[in-house]
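Coordinates as given in final-v4.txt (compact mmCIF, C-alpha atoms):
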```
# COMPACT_ATOMS: atom_id res chain seq x y z
CA MET S 1 0.40 -11.08 7.91
CA PHE S 2 -3.38 -10.72 8.37
CA ARG S 3 -2.97 -10.89 12.17
CA PHE S 4 -0.15 -8.32 12.07
CA VAL S 5 -2.23 -5.90 10.00
CA THR S 6 -5.40 -6.29 12.08
CA ARG S 7 -3.48 -5.99 15.36
CA TYR S 8 -1.11 -3.13 14.62
CA ILE S 9 -2.63 -1.06 11.79
CA GLY S 10 -6.21 -2.28 12.04
CA PHE S 11 -7.30 1.24 13.00
CA LEU S 12 -6.73 2.22 9.36
CA LYS S 13 -9.75 0.16 8.33
CA SER S 14 -11.91 3.19 9.10
CA VAL S 15 -10.20 5.01 6.19
CA PRO S 16 -12.73 4.64 3.34
CA THR S 17 -11.79 1.98 0.74
CA LEU S 18 -8.72 0.78 2.64
CA GLY S 19 -10.31 -2.45 3.85
CA TRP S 20 -11.36 -3.24 0.28
CA LEU S 21 -7.86 -2.54 -1.01
CA PHE S 22 -6.32 -4.84 1.61
CA ASP S 23 -8.82 -7.55 0.77
CA GLY S 24 -7.92 -7.19 -2.94
CA LEU S 25 -4.29 -7.87 -2.02
CA LEU S 26 -5.33 -10.91 0.03
CA LYS S 27 -7.19 -12.17 -3.03
CA LEU S 28 -4.09 -11.70 -5.19
CA TRP S 29 -1.97 -13.51 -2.60
CA ALA S 30 -4.46 -16.39 -2.56
CA PHE S 31 -4.45 -16.43 -6.38
CA PHE S 32 -0.72 -17.19 -6.40
CA THR S 33 -0.37 -19.29 -3.25
CA GLN S 34 -3.67 -21.16 -2.83
CA PRO S 35 -5.90 -20.63 -5.89
CA ALA S 36 -8.27 -23.42 -4.81
CA LEU S 37 -9.30 -21.19 -1.89
CA LEU S 38 -10.90 -18.78 -4.38
CA ASP S 39 -12.89 -21.68 -5.87
CA TRP S 40 -14.01 -22.85 -2.42
CA MET S 41 -15.22 -19.33 -1.63
CA ASP S 42 -17.20 -19.31 -4.88
CA GLU S 43 -18.70 -22.71 -4.00
CA ILE S 44 -19.71 -21.42 -0.55
CA GLU S 45 -21.32 -18.38 -2.14
CA THR S 46 -23.22 -20.50 -4.67
CA GLU S 47 -24.50 -22.77 -1.90
CA VAL S 48 -25.50 -20.00 0.52
CA LEU S 49 -27.36 -18.15 -2.21
CA LYS S 50 -29.57 -21.22 -2.68
CA TRP S 51 -30.98 -20.65 0.81
CA LYS S 52 -34.14 -18.55 1.04
CA ARG S 53 -33.83 -14.77 1.47
CA THR S 54 -30.05 -14.73 1.30
CA THR S 55 -27.90 -12.25 -0.58
CA SER S 56 -24.16 -11.68 -0.89
CA THR S 57 -22.57 -8.24 -0.75
CA ILE S 58 -19.11 -6.76 -0.32
CA HIS S 59 -18.25 -6.48 3.39
CA LYS S 60 -17.52 -2.94 4.57
CA TYR S 61 -13.91 -3.90 5.46
CA GLY S 62 -13.47 -6.16 2.42
CA GLY S 63 -14.52 -9.73 1.74
CA MET S 64 -17.72 -11.50 0.82
CA GLN S 65 -20.64 -10.93 3.17
CA PHE S 66 -23.68 -13.19 3.39
CA ASN S 67 -26.99 -11.77 4.55
CA TYR S 68 -30.38 -13.07 5.55
CA ASN S 69 -33.11 -10.50 5.05
CA SER S 70 -30.32 -7.87 4.81
CA LYS S 71 -28.94 -8.92 8.21
CA GLU S 72 -25.37 -10.24 8.19
CA ILE S 73 -24.91 -13.98 8.67
CA GLY S 74 -21.13 -13.74 8.34
CA HIS S 75 -18.34 -12.75 5.99
CA ILE S 76 -15.27 -14.36 4.48
CA HIS S 77 -12.09 -12.35 3.98
CA SER S 78 -10.06 -13.24 0.90
CA ASN S 79 -7.47 -15.14 2.95
CA GLY S 80 -10.23 -17.66 3.77
CA LEU S 81 -11.07 -16.29 7.21
CA LEU S 82 -14.74 -16.73 8.02
CA ASP S 83 -16.08 -14.35 10.69
CA MET S 84 -19.61 -14.78 11.94
CA LEU S 85 -21.92 -14.34 14.87
CA LEU S 86 -23.40 -17.30 16.73
CA ASN S 87 -25.22 -17.41 20.00
CA ARG S 88 -22.82 -17.82 22.90
CA SER S 89 -23.91 -21.29 23.97
CA VAL S 90 -23.46 -22.68 20.44
CA LYS S 91 -20.09 -20.93 20.24
CA ALA S 92 -19.01 -22.45 23.58
CA GLN S 93 -19.96 -25.93 22.34
CA LEU S 94 -18.11 -25.52 19.05
CA MET S 95 -15.05 -24.12 20.80
CA LEU S 96 -14.71 -27.49 22.57
CA ASP S 97 -14.09 -29.12 19.17
CA GLY S 98 -11.12 -26.80 18.74
CA ARG S 99 -11.84 -25.94 15.10
CA ILE S 100 -13.14 -22.42 15.61
CA SER S 101 -11.60 -19.62 17.65
CA ASP S 102 -12.62 -16.34 19.19
CA HIS S 103 -13.15 -13.63 16.58
CA HIS S 104 -9.78 -12.03 15.74
CA THR S 105 -10.93 -8.68 17.19
CA PHE S 106 -14.15 -9.17 19.17
CA LYS S 107 -13.15 -11.47 22.00
CA ASN S 108 -15.71 -12.67 24.57
CA THR S 109 -18.67 -12.17 22.25
CA GLY S 110 -20.69 -14.55 20.09
CA TRP S 111 -18.39 -13.74 17.14
CA ILE S 112 -16.14 -16.53 15.93
CA SER S 113 -13.36 -16.93 13.38
CA PHE S 114 -12.60 -19.97 11.28
CA TYR S 115 -9.84 -20.38 8.69
CA ILE S 116 -10.59 -22.28 5.49
CA HIS S 117 -7.48 -24.21 4.46
CA SER S 118 -8.95 -27.26 2.72
CA ALA S 119 -12.03 -28.60 0.94
CA GLU S 120 -13.04 -30.18 4.25
CA ASP S 121 -12.81 -26.77 5.93
CA LYS S 122 -15.04 -25.39 3.18
CA ASP S 123 -17.75 -27.89 4.16
CA TYR S 124 -17.33 -26.99 7.83
CA ALA S 125 -17.58 -23.26 6.96
CA LEU S 126 -20.82 -23.99 5.15
CA ALA S 127 -22.13 -25.85 8.20
CA LEU S 128 -21.24 -22.87 10.38
CA LEU S 129 -22.95 -20.45 8.01
CA GLU S 130 -26.02 -22.67 8.07
CA LEU S 131 -26.07 -22.42 11.87
CA GLY S 132 -25.89 -18.64 11.56
CA TYR S 133 -28.60 -18.68 8.92
CA LYS S 134 -30.94 -20.76 11.10
CA ARG S 135 -30.24 -18.52 14.09
CA LEU S 136 -31.34 -15.48 12.06
CA ALA S 137 -34.27 -17.32 10.47
CA ILE S 138 -35.64 -18.06 13.95
CA LYS S 139 -34.91 -14.54 15.18
CA LEU S 140 -36.28 -12.79 12.09
CA PRO S 141 -39.05 -15.01 10.69
CA ASP S 142 -40.70 -14.10 7.34
CA MET U 1 -17.64 -17.98 -27.47
CA LEU U 2 -13.85 -17.77 -27.27
CA LYS U 3 -13.87 -14.82 -29.65
CA LYS U 4 -16.57 -13.13 -27.58
CA ASN U 5 -14.57 -13.58 -24.36
CA LEU U 6 -11.41 -12.29 -26.01
CA LEU U 7 -13.29 -9.23 -27.22
CA ALA U 8 -14.62 -8.66 -23.69
CA ASP U 9 -11.04 -8.89 -22.34
CA ILE U 10 -9.71 -6.41 -24.90
CA LYS U 11 -12.54 -3.98 -24.10
CA ALA U 12 -12.07 -4.44 -20.34
CA TYR U 13 -8.32 -3.79 -20.46
CA GLY U 14 -8.50 -1.11 -23.16
CA ILE U 15 -11.41 0.99 -21.89
CA SER U 16 -10.43 0.83 -18.22
CA ASN U 17 -6.85 1.94 -18.96
CA LEU U 18 -8.05 4.59 -21.37
CA PHE U 19 -10.36 5.86 -18.62
CA ALA U 20 -7.42 6.01 -16.18
CA VAL U 21 -5.21 7.88 -18.66
CA GLY U 22 -8.04 10.34 -19.39
CA VAL U 23 -8.89 10.98 -15.75
CA ILE U 24 -5.26 11.42 -14.69
CA ALA U 25 -4.59 13.77 -17.62
CA PHE U 26 -7.76 15.74 -16.75
CA ASP U 27 -6.69 15.85 -13.12
CA LYS U 28 -3.14 16.99 -13.95
CA TYR U 29 -3.91 19.57 -16.61
CA VAL U 30 -7.39 20.83 -15.76
CA ILE U 31 -8.17 20.37 -12.07
CA VAL U 32 -4.81 20.32 -10.28
CA ASP U 33 -2.87 22.82 -12.40
CA SER U 34 -5.64 25.39 -12.07
CA HIS U 35 -5.59 25.01 -8.30
CA VAL U 36 -3.10 26.84 -6.12
CA ASN U 37 0.16 25.23 -5.06
CA VAL U 38 -0.68 21.67 -5.90
CA GLY U 39 0.71 21.25 -9.42
CA GLY U 40 2.58 17.98 -10.01
CA ILE U 41 1.14 16.25 -6.98
CA PHE U 42 -0.16 12.71 -7.24
CA VAL U 43 -3.17 12.53 -4.94
CA PHE U 44 -4.71 9.65 -2.98
CA SER U 45 -7.53 9.22 -5.50
CA GLU U 46 -5.19 8.60 -8.41
CA PHE U 47 -3.74 5.56 -6.69
CA ILE U 48 -6.92 4.17 -5.13
CA ILE U 49 -10.19 5.57 -6.51
CA VAL U 50 -9.10 5.54 -10.18
CA PRO U 51 -7.83 1.91 -10.07
CA MET U 52 -11.03 0.89 -8.25
CA LEU U 53 -13.09 2.52 -10.99
CA MET U 54 -10.90 0.70 -13.52
CA GLY U 55 -11.83 -2.56 -11.81
CA ILE U 56 -15.52 -1.64 -11.92
CA ILE U 57 -15.28 -0.73 -15.62
CA SER U 58 -13.57 -4.03 -16.45
CA ALA U 59 -16.21 -5.93 -14.43
CA TRP U 60 -18.86 -4.29 -16.65
CA PHE U 61 -17.30 -5.84 -19.76
CA TRP U 62 -16.98 -9.23 -17.99
CA ARG U 63 -20.49 -9.15 -16.50
CA ASN U 64 -21.86 -11.82 -18.88
CA ALA U 65 -18.72 -13.97 -18.98
CA GLY U 66 -19.58 -15.86 -15.76
CA LEU U 67 -16.05 -15.50 -14.41
CA THR U 68 -15.04 -17.32 -11.22
CA SER U 69 -13.21 -15.37 -8.53
CA ARG U 70 -9.98 -17.04 -9.64
CA GLU U 71 -10.48 -15.91 -13.24
CA LEU U 72 -11.55 -12.42 -12.21
CA THR U 73 -8.48 -12.03 -9.98
CA GLY U 74 -6.16 -13.31 -12.72
CA LYS U 75 -7.61 -10.99 -15.34
CA SER U 76 -7.48 -8.04 -12.93
CA PHE U 77 -3.83 -8.86 -12.26
CA ILE U 78 -3.16 -8.68 -16.02
CA ASN U 79 -5.02 -5.36 -16.08
CA GLY U 80 -2.70 -4.09 -13.33
CA ILE U 81 0.37 -5.19 -15.29
CA ILE U 82 -0.90 -3.27 -18.34
CA THR U 83 -1.45 -0.16 -16.18
CA ILE U 84 2.07 -0.40 -14.76
CA ALA U 85 3.53 -0.82 -18.26
CA LEU U 86 1.60 2.26 -19.45
CA ALA U 87 2.80 4.27 -16.42
CA SER U 88 6.35 3.29 -17.26
CA ILE U 89 6.00 4.27 -20.93
CA PHE U 90 3.87 7.41 -20.71
CA LEU U 91 4.62 8.80 -17.23
CA GLY U 92 8.31 7.80 -17.37
CA GLU U 93 8.15 6.24 -13.92
CA GLY U 94 11.22 4.37 -12.65
CA SER U 95 11.13 0.67 -11.83
CA ILE U 96 11.49 1.19 -8.07
CA CYS U 97 8.57 3.66 -8.10
CA LEU U 98 6.49 1.11 -9.94
CA ILE U 99 7.35 -1.58 -7.39
CA ILE U 100 6.31 0.80 -4.61
CA VAL U 101 3.03 1.77 -6.26
CA SER U 102 2.08 -1.73 -7.44
CA PRO U 103 0.43 -2.99 -4.19
CA LEU U 104 -1.95 0.00 -4.29
CA LEU U 105 -2.75 -0.58 -7.97
CA PHE U 106 -3.24 -4.34 -7.79
CA GLY U 107 -5.26 -4.19 -4.54
CA SER U 108 -7.50 -1.43 -5.85
CA ILE U 109 -8.07 -2.90 -9.32
CA ILE U 110 -8.93 -6.34 -7.89
CA SER U 111 -11.24 -4.95 -5.21
CA GLY U 112 -12.85 -2.69 -7.85
CA ALA U 113 -13.50 -5.72 -10.07
CA LEU U 114 -15.10 -7.57 -7.14
CA ILE U 115 -17.23 -4.55 -6.26
CA GLY U 116 -18.20 -4.24 -9.93
CA ARG U 117 -19.15 -7.90 -10.17
CA ALA U 118 -21.38 -7.55 -7.09
CA MET U 119 -22.89 -4.34 -8.50
CA PHE U 120 -23.72 -5.75 -11.94
CA ARG U 121 -25.07 -8.99 -10.51
CA ARG U 122 -27.65 -7.03 -8.54
CA ASN U 123 -28.34 -4.88 -11.58
CA ASN U 124 -29.62 -2.02 -9.45
CA ASN U 125 -28.87 0.97 -11.68
CA THR U 126 -29.68 3.59 -9.04
CA LEU U 127 -27.33 1.98 -6.54
CA ASN U 128 -24.61 1.45 -9.16
CA THR U 129 -24.79 5.07 -10.33
CA SER U 130 -24.62 6.23 -6.69
CA ILE U 131 -21.48 4.18 -6.00
CA VAL U 132 -19.64 5.40 -9.11
CA GLY U 133 -20.92 8.95 -8.55
CA LEU U 134 -19.70 8.92 -4.95
CA MET U 135 -16.26 7.73 -6.06
CA LEU U 136 -16.05 10.52 -8.65
CA VAL U 137 -17.07 13.10 -6.03
CA VAL U 138 -14.31 11.83 -3.71
CA PHE U 139 -11.88 12.02 -6.64
CA VAL U 140 -12.71 15.63 -7.50
CA ALA U 141 -12.78 16.73 -3.83
CA ASP U 142 -9.41 15.07 -3.21
CA SER U 143 -7.90 16.64 -6.33
CA LEU U 144 -9.09 20.10 -5.28
CA SER U 145 -7.87 19.80 -1.70
CA GLU U 146 -4.53 21.29 -0.81
CA HIS U 147 -1.85 18.68 -0.32
CA HIS U 148 1.24 19.53 1.64
CA TYR U 149 3.39 17.11 3.60
CA GLU U 150 6.81 17.50 5.14
CA ASN U 151 8.58 15.15 7.49
CA MET U 152 11.90 14.56 9.19
CA VAL U 153 13.64 11.25 9.82
CA SER U 154 16.22 10.93 12.56
CA ASP U 155 18.65 8.12 13.28
CA THR U 156 21.26 7.65 15.97
CA ILE U 157 24.33 5.47 16.34
CA ILE U 158 27.18 5.35 18.85
CA VAL U 159 30.68 5.72 17.43
CA ASN U 160 33.63 4.49 19.48
CA ALA U 161 35.71 7.56 18.71
CA THR U 162 35.89 11.17 19.90
CA PRO U 163 33.86 13.92 18.16
CA GLN U 164 37.14 15.27 16.71
CA GLN U 165 37.85 11.90 15.06
CA VAL U 166 34.27 11.59 13.79
CA TRP U 167 33.92 15.15 12.50
CA LYS U 168 36.36 14.88 9.58
CA ASN U 169 34.48 11.84 8.28
CA VAL U 170 31.12 13.55 8.66
CA VAL U 171 31.98 16.53 6.49
CA ALA U 172 33.28 14.29 3.66
CA PHE U 173 33.95 10.60 3.36
CA LYS U 174 35.68 8.21 0.98
CA ARG U 175 33.83 5.75 -1.20
CA ILE U 176 31.67 3.17 0.60
CA LYS U 177 32.72 -0.32 -0.44
CA GLU U 178 30.48 -2.26 1.96
CA LYS U 179 27.82 -4.36 0.20
CA ASN U 180 24.25 -3.09 0.41
CA LYS U 181 22.01 -4.74 2.99
CA TYR U 182 18.72 -2.95 2.27
CA TRP U 183 16.54 -4.87 -0.22
CA LEU U 184 15.63 -1.83 -2.33
CA PHE U 185 19.32 -0.95 -2.77
CA LYS U 186 20.01 -4.57 -3.71
CA ILE U 187 17.45 -4.53 -6.50
CA GLY U 188 18.74 -1.34 -8.06
CA MET U 189 17.70 1.69 -6.04
CA PRO U 190 20.69 4.07 -5.98
CA SER U 191 22.49 4.16 -2.63
CA PRO U 192 24.92 6.80 -1.29
CA VAL U 193 28.57 5.98 -1.99
CA GLU U 194 30.65 9.09 -1.40
CA SER U 195 30.57 12.63 -0.12
CA THR U 196 32.94 15.38 -1.21
CA VAL U 197 33.37 18.95 0.03
CA GLU U 198 35.25 21.95 -1.36
CA GLY U 199 36.39 23.08 2.10
CA TYR U 200 35.80 22.82 5.83
CA TYR U 201 33.91 26.08 6.37
CA LEU U 202 30.45 27.63 6.42
CA GLY U 203 29.03 28.07 2.92
CA ALA U 204 31.25 25.37 1.38
CA LYS U 205 29.71 23.31 -1.39
CA ARG U 206 29.27 19.61 -0.71
CA LYS U 207 28.25 16.75 -2.99
CA CYS U 208 26.58 13.50 -2.05
CA ILE U 209 27.23 10.97 -4.82
CA PHE U 210 24.99 7.95 -5.37
CA SER U 211 25.80 4.54 -6.85
CA ASN U 212 24.32 5.38 -10.26
CA GLY U 213 26.45 8.53 -10.52
CA TYR U 214 23.65 10.94 -9.62
CA THR U 215 24.70 13.76 -7.33
CA PHE U 216 22.89 15.84 -4.72
CA ASP U 217 24.42 19.34 -4.61
CA GLU U 218 24.56 20.71 -1.09
CA LYS U 219 25.68 23.84 0.72
CA ILE U 220 26.86 23.88 4.33
CA VAL U 221 24.52 26.22 6.26
CA THR U 222 25.68 25.41 9.80
CA TYR U 223 29.32 24.62 10.48
CA ASP U 224 29.79 24.18 14.22
CA GLU U 225 32.96 22.09 14.35
CA ASN U 226 32.71 18.75 16.16
CA LYS U 227 29.06 19.45 16.93
CA ASN U 228 26.74 20.33 14.06
CA LEU U 229 26.96 20.04 10.30
CA THR U 230 23.79 21.14 8.52
CA PHE U 231 23.52 21.36 4.75
CA ALA U 232 20.78 22.56 2.44
CA ILE U 233 20.12 20.60 -0.74
CA THR U 234 20.56 23.10 -3.57
CA ASN U 235 20.00 20.71 -6.46
CA GLN U 236 18.75 17.16 -6.59
CA PRO U 237 19.21 14.79 -9.53
CA ARG U 238 16.50 14.43 -12.16
CA ASP U 239 16.14 10.76 -11.43
CA PRO U 240 12.70 9.36 -12.41
CA GLU U 241 12.65 7.47 -9.10
CA ILE U 242 12.44 10.68 -7.09
CA MET U 243 11.62 13.45 -9.58
CA GLY U 244 8.28 14.99 -8.72
CA HIS U 245 7.70 12.55 -5.87
CA ILE U 246 10.00 13.74 -3.10
CA ASP U 247 12.28 16.71 -2.43
CA ILE U 248 15.08 16.24 0.07
CA GLU U 249 15.37 19.70 1.58
CA GLN U 250 18.03 19.55 4.26
CA GLY U 251 20.40 17.11 5.96
CA GLN U 252 22.15 17.32 9.30
CA PHE U 253 24.73 15.48 11.40
CA LEU U 254 24.80 16.20 15.12
CA LEU U 255 27.68 14.96 17.26
CA LYS U 256 27.37 14.61 21.01
CA ASP U 257 30.43 13.94 23.13
CA ASN U 258 29.57 11.15 25.57
CA GLY U 259 32.60 12.00 27.70
CA ASN U 260 34.01 8.45 27.57
CA GLY U 261 35.76 8.51 24.22
CA THR U 262 32.56 7.75 22.32
CA THR U 263 30.29 9.99 20.27
CA THR U 264 26.57 9.85 19.67
CA LEU U 265 26.09 10.54 15.97
CA ILE U 266 22.62 11.71 14.92
CA GLY U 267 21.61 11.92 11.26
CA ASN U 268 18.56 14.01 10.35
CA SER U 269 16.90 14.55 6.97
CA TRP U 270 13.99 16.82 6.09
CA TYR U 271 11.90 16.09 3.03
CA LYS U 272 8.73 17.10 1.25
CA LEU U 273 6.44 14.47 -0.30
CA TYR U 274 4.42 15.00 -3.47
CA VAL U 275 2.68 11.62 -3.52
CA PHE U 276 -0.36 10.77 -1.45
CA PRO U 277 -1.72 9.04 0.64
CA THR U 278 1.09 9.71 3.10
CA TRP U 279 0.15 6.78 5.35
CA TYR U 280 1.40 4.65 2.47
CA TYR U 281 4.16 6.66 0.76
CA ASP U 282 5.66 8.14 3.89
CA THR U 283 6.19 4.63 5.24
CA TRP U 284 8.38 3.99 2.16
CA ALA U 285 10.04 7.44 2.36
CA GLN U 286 10.95 6.87 6.01
CA SER U 287 12.30 3.41 5.31
CA ILE U 288 14.44 4.61 2.37
CA THR U 289 15.70 7.71 4.21
CA ARG U 290 16.54 5.60 7.27
CA ASN U 291 18.56 3.19 5.16
CA VAL U 292 20.39 6.03 3.41
CA HIS U 293 21.27 7.40 6.88
CA LEU U 294 22.39 4.08 8.22
CA ARG U 295 24.54 3.27 5.21
CA VAL U 296 26.36 6.60 5.54
CA MET U 297 26.52 6.60 9.35
CA GLU U 298 27.83 3.05 9.59
CA HIS U 299 30.52 3.99 7.08
CA ILE U 300 31.42 7.07 9.14
CA LYS U 301 31.57 4.83 12.23
CA GLU U 302 33.88 2.37 10.48
CA LEU U 303 36.19 5.12 9.21
CA SER U 304 36.28 6.85 12.59
CA GLU U 305 36.97 3.69 14.57
CA THR U 306 39.81 2.56 12.29
CA LYS U 307 43.09 3.39 14.02
```
Give the structure from the file, written as structure tokens.
Amino acid sequence: MFRFVTRYIGFLKSVPTLGWLFDGLLKLWAFFTQPALLDWMDEIETEVLKWKRTTSTIHKYGGMQFNYNSKEIGHIHSNGLLDMLLNRSVKAQLMLDGRISDHHTFKNTGWISFYIHSAEDKDYALALLELGYKRLAIKLPD
Amino acid sequence: MLKKNLLADIKAYGISNLFAVGVIAFDKYVIVDSHVNVGGIFVFSEFIIVPMLMGIISAWFWRNAGLTSRELTGKSFINGIITIALASIFLGEGSICLIIVSPLLFGSIISGALIGRAMFRRNNNTLNTSIVGLMLVVFVADSLSEHHYENMVSDTIIVNATPQQVWKNVVAFKRIKEKNKYWLFKIGMPSPVESTVEGYYLGAKRKCIFSNGYTFDEKIVTYDENKNLTFAITNQPRDPEIMGHIDIEQGQFLLKDNGNGTTTLIGNSWYKLYVFPTWYYDTWAQSITRNVHLRVMEHIKELSETK
């Protein structure tokens, strides 16, 4: 469903509030089909916010966005899809493990996508976000 | 603690729904009715901005409750159910309409609650006022804008019969006994079952009868035998499912002789929508119109092909 929407009517995301509305529906779907996902997302948020200079905001197209010094580390849509930017060499290494994939829209960039389906995936998502955090912390020191 | 949480829930549901009722009433009777040609229209903001503001209002009352995302989503879902129940009671909306509108309401209320939670966590009053203020500006601007939308849906099937054989079944047809295939018809949306006509001539009155007994009164405005039957809708039923939401203006059947004993039958319908945003409601309107066409046209095909 998410792939269908992003591929065929993804252009509608530029309509103000539409991305948020779609993300609200994803959240409702998760509430009925995989409520634990909502708890894992909360746990990720709690953990990331323990790191220095991090904040969480609502992503412009819906979902929870994590920032370091106001710069985006990554965001999680309410279907458990983590999108984030890594440097290309790290991405290439991680792609070999087969757990992450190219970003669902931005192919051939440092952007990656990772679906959270289990508690184990939640830990892996946190590890990925930590990589993104460290990348930004080096790039934008205090 | 339990009592405090219950009180917060009652306030969240009560005040947010009261806000929605107030804003929609203000929009209907003060803003929209004083503006030219837009009376009775439900605008984009009423289905998206208002529910989002409802979510933000409810998040204000839950700001100290420490709700998890699961709890916030569940409570927002209950809030949406209350809104739908109120729309059914006070706006007299039909059940199919409520099914159609519910994804917009639930999605907007839940996202509003999430936005609200993020806003009140940061506790930045200037930012929070700006967000709510911006939403209200969009609401007023949208309500004051002129809304006009018309569309036409066209469908085509091939009938294995000559135009002469098809024509008599196009002008009027006996009761459709075939079971409904379209999911909205299956769950109770009225579907076309019969068409009657007072005569085979220009100006004749025609009736399209639906499964719940409602009737569309029509008048033949083009009678080009074996080629073109166009009828204007002179009166449509006061069914809460369509009343004030859509006007079917004209219908048409075009017959094209394929020269091999078959006929291309084209069904066209023109309608005017009074609910916005059209990217959402017109998708439904097209789907429903298409399935009305296909139900009638497949019946005409069956009648015409029966020897």
Query raised in the report: What's the 6 Å shell around range 61-78 of chain U, counting all atoms listed in the file, without same-chain residues fewer than 4 positions away, as a list in words?
Result: Leu38 of chain S; Ala8, Ala12 and Ile110 of chain U
Query raised in the report: Could you write out as a VMD selection string the residues of chain S within 8 Å of chain U, counting only C-alpha atoms?
Result: chain S and resid 17 20 to 25 27 to 28 31 35 38 to 39 42 56 to 58
Produce the centre coordinates and the three edge lengths, each in Å to one decimal, of the box along x, y and z that contains all listed atoms of range 117-122 of chain S with 6 Å added on each side, as AutoDock Vina command-line options.
```
--center_x -11.3 --center_y -27.2 --center_z 3.4 --size_x 19.6 --size_y 18.0 --size_z 17.0
```
Query raised in the report: Quick one, how far is CA of Asp27 in chain U from CA of Ile242 in chain U?
Result: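 We find that CA of Asp27 in chain U and CA of Ile242 in chain U lie 20.7 Å from each other.
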Query raised in the report: Quick one: residues within 10 Å of Gly92 in chain U, only C-alpha atoms counted, chain neighbours fewer than 6 positions away excluded, as a PyMOL selection string?
Result: chain U and resi 85-86+240-241
Query raised in the report: So how far away is CA of Val101 in chain U from CA of Tyr214 in chain U, in Å?
Result: 22.8 Å
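The shell of residues at most 12 Å from Ser154 in chain U, with all atoms listed in the file counted and near chain neighbours (fewer than 6 positions) removed, consists of U:Gly251, U:Gln252, U:Phe253, U:Leu254, U:Leu265, U:Ile266, U:Gly267, U:Asn268, U:Ser269, U:Trp270, U:Tyr271, U:Gln286, U:Ser287, U:Thr289, U:Arg290, U:Asn291, U:Val292, U:His293, U:Leu294, U:Met297.
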Query - Nearest residue to Val48 in chain S from the set S:Gly80, S:Gly132, S:Gly63, S:Gly19 (distances using all atoms listed in the file) - result: S:Gly132
Query - Residues near range 217-220 of chain U, cut-off 9 Å, all atoms listed in the file, skip fewer than 5 positions along chain, as a PyMOL selection string - result: chain U and resi 201-209+229-237+250-251
Writer output for current selection, C-alpha atoms, as a tab-separated table (two decimals), keeping the file's coordinate frame:
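Below is the file result08.tsv, written as the result:
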```
chain	number	residue	atom	x	y	z
U	201	TYR	CA	33.91	26.08	6.37
U	202	LEU	CA	30.45	27.63	6.42
U	203	GLY	CA	29.03	28.07	2.92
U	204	ALA	CA	31.25	25.37	1.38
U	205	LYS	CA	29.71	23.31	-1.39
U	206	ARG	CA	29.27	19.61	-0.71
U	207	LYS	CA	28.25	16.75	-2.99
U	208	CYS	CA	26.58	13.50	-2.05
U	209	ILE	CA	27.23	10.97	-4.82
U	229	LEU	CA	26.96	20.04	10.30
U	230	THR	CA	23.79	21.14	8.52
U	231	PHE	CA	23.52	21.36	4.75
U	232	ALA	CA	20.78	22.56	2.44
U	233	ILE	CA	20.12	20.60	-0.74
U	234	THR	CA	20.56	23.10	-3.57
U	235	ASN	CA	20.00	20.71	-6.46
U	236	GLN	CA	18.75	17.16	-6.59
U	237	PRO	CA	19.21	14.79	-9.53
U	250	GLN	CA	18.03	19.55	4.26
U	251	GLY	CA	20.40	17.11	5.96
```
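One finds CA of Ser211 in chain U at 14.6 Å from CA of Ile288 in chain U.
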Query raised in the report: Which residues come within 9 Å of His77 in chain S, counting only C-alpha atoms, excluding same-chain residues fewer than 4 positions away, as a count of residues only?
Result: 12
Can range 204-212 of chain U be brought up to N, CA and C atoms and written out as a CSV table (one decimal), in the coordinates of the input?
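File written: out.csv
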```
chain,number,residue,atom,x,y,z
U,204,ALA,N,30.5,26.2,2.3
U,204,ALA,CA,31.2,25.4,1.4
U,204,ALA,C,30.2,24.5,0.6
U,205,LYS,N,30.6,24.2,-0.6
U,205,LYS,CA,29.7,23.3,-1.4
U,205,LYS,C,30.1,21.9,-1.1
U,206,ARG,N,29.1,21.0,-1.0
U,206,ARG,CA,29.3,19.6,-0.7
U,206,ARG,C,28.5,18.8,-1.8
U,207,LYS,N,29.0,17.6,-2.0
U,207,LYS,CA,28.2,16.8,-3.0
U,207,LYS,C,28.0,15.4,-2.3
U,208,CYS,N,26.8,14.9,-2.5
U,208,CYS,CA,26.6,13.5,-2.0
U,208,CYS,C,26.3,12.7,-3.3
U,209,ILE,N,27.3,11.7,-3.5
U,209,ILE,CA,27.2,11.0,-4.8
U,209,ILE,C,26.6,9.6,-4.6
U,210,PHE,N,25.7,9.2,-5.5
U,210,PHE,CA,25.0,8.0,-5.4
U,210,PHE,C,25.6,6.9,-6.3
U,211,SER,N,25.2,5.7,-6.1
U,211,SER,CA,25.8,4.5,-6.8
U,211,SER,C,25.6,4.6,-8.4
U,212,ASN,N,24.6,5.3,-8.8
U,212,ASN,CA,24.3,5.4,-10.3
U,212,ASN,C,25.0,6.6,-10.9
```
